[in-house]
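Participant: Next up is a structure, given as structure tokens.
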Amino acid sequence: MTNTPPADPAFHEGDEVVLAHGTYPGTLGVFLRRKDDVNWADIRERNGVVRSHPVIWLAHCGSATPVCAN
């Protein structure tokens, strides 16, 4: 098994994130941790459910992100 570098090292525990791509775009949540495969991460969605998503699908949630302003 090879250890590939993270897709985006800029996410930290507690960061507010949004799924910018993938199956559920626009889903808001909080970044929890990277998985053993560092290209995947757990986020706690606003409904309290913890799910794993590819890091490449995530974006930081900020005032410049329209879906995050809601």
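Each chain in the structure tokens gets a letter, A, B, ..., in the order shown, and its residues are numbered from 1; ligands are numbered from 1 in order too.
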Find the residues near Ile43 of chain A: any atom within 8 Å, counting only C-alpha atoms, skip ones fewer than 4 places away on the same chain, and give them as a list in words.
Facilitator: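 Near Ile43 of chain A, the qualifying residues are Gly29, Val30, Phe31, Leu32, Arg33, Val50, Arg51, Ser52 and His53 of chain A.
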Participant: Near Ala10 of chain A, counting only C-alpha atoms, which residues have an atom at most 12 Å away, once you skip same-chain residues fewer than 3 positions from it, shown as a PyMOL selection string?
Facilitator: chain A and resi 6-7+13+15+17+31+33-34+55-56+58-60
Participant: Please produce a file of those selected residues containing N, CA and C atoms, as a PDB file, in the first residue's frame.
Facilitator:
```pdb
ATOM      1  N   PRO A   6      -1.800  14.201   0.819  1.00  0.00           N
ATOM      2  CA  PRO A   6      -3.163  14.729   0.874  1.00  0.00           C
ATOM      3  C   PRO A   6      -3.514  15.533  -0.372  1.00  0.00           C
ATOM      4  N   ALA A   7      -4.792  15.469  -0.748  1.00  0.00           N
ATOM      5  CA  ALA A   7      -5.270  16.233  -1.901  1.00  0.00           C
ATOM      6  C   ALA A   7      -5.223  17.729  -1.606  1.00  0.00           C
ATOM      7  N   GLU A  13      -9.215  20.461  11.674  1.00  0.00           N
ATOM      8  CA  GLU A  13     -10.336  20.075  12.516  1.00  0.00           C
ATOM      9  C   GLU A  13     -11.114  21.313  12.958  1.00  0.00           C
ATOM     10  N   ASP A  15     -12.910  23.268  10.921  1.00  0.00           N
ATOM     11  CA  ASP A  15     -13.196  24.169   9.798  1.00  0.00           C
ATOM     12  C   ASP A  15     -14.607  23.934   9.282  1.00  0.00           C
ATOM     13  N   VAL A  17     -17.043  23.614   6.341  1.00  0.00           N
ATOM     14  CA  VAL A  17     -16.843  23.223   4.951  1.00  0.00           C
ATOM     15  C   VAL A  17     -18.187  23.052   4.249  1.00  0.00           C
ATOM     16  N   PHE A  31     -15.397  20.025   9.305  1.00  0.00           N
ATOM     17  CA  PHE A  31     -14.315  19.079   9.043  1.00  0.00           C
ATOM     18  C   PHE A  31     -13.878  18.444  10.354  1.00  0.00           C
ATOM     19  N   ARG A  33     -11.742  15.067  10.483  1.00  0.00           N
ATOM     20  CA  ARG A  33     -10.416  14.452  10.368  1.00  0.00           C
ATOM     21  C   ARG A  33     -10.270  13.796   9.010  1.00  0.00           C
ATOM     22  N   ARG A  34      -9.018  13.588   8.629  1.00  0.00           N
ATOM     23  CA  ARG A  34      -8.727  12.789   7.438  1.00  0.00           C
ATOM     24  C   ARG A  34      -8.812  11.316   7.800  1.00  0.00           C
ATOM     25  N   VAL A  55     -11.672  14.524  -0.130  1.00  0.00           N
ATOM     26  CA  VAL A  55     -11.241  15.874   0.242  1.00  0.00           C
ATOM     27  C   VAL A  55     -11.365  16.817  -0.949  1.00  0.00           C
ATOM     28  N   ILE A  56     -11.130  16.316  -2.131  1.00  0.00           N
ATOM     29  CA  ILE A  56     -11.186  17.162  -3.328  1.00  0.00           C
ATOM     30  C   ILE A  56     -12.592  17.741  -3.547  1.00  0.00           C
ATOM     31  N   LEU A  58     -14.408  18.987  -1.107  1.00  0.00           N
ATOM     32  CA  LEU A  58     -14.666  19.970  -0.059  1.00  0.00           C
ATOM     33  C   LEU A  58     -14.140  21.358  -0.409  1.00  0.00           C
ATOM     34  N   ALA A  59     -14.827  22.362   0.097  1.00  0.00           N
ATOM     35  CA  ALA A  59     -14.371  23.749   0.006  1.00  0.00           C
ATOM     36  C   ALA A  59     -14.602  24.389   1.367  1.00  0.00           C
ATOM     37  N   HIS A  60     -13.755  25.358   1.702  1.00  0.00           N
ATOM     38  CA  HIS A  60     -13.977  26.099   2.940  1.00  0.00           C
ATOM     39  C   HIS A  60     -15.254  26.907   2.812  1.00  0.00           C
TER      40      HIS A  60
END
```
Participant: Atom CA of Val38 of chain A to atom CA of Glu16 of chain A: how many Å, to one decimal?
Facilitator: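 It comes out at 18.4 Å.
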Participant: Figure out the distance between atom CA of Asp36 of chain A and atom CA of Cys68 of chain A, please, to one decimal in Å.
Facilitator: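 Rounded to one decimal, the two atoms are 28.1 Å apart.
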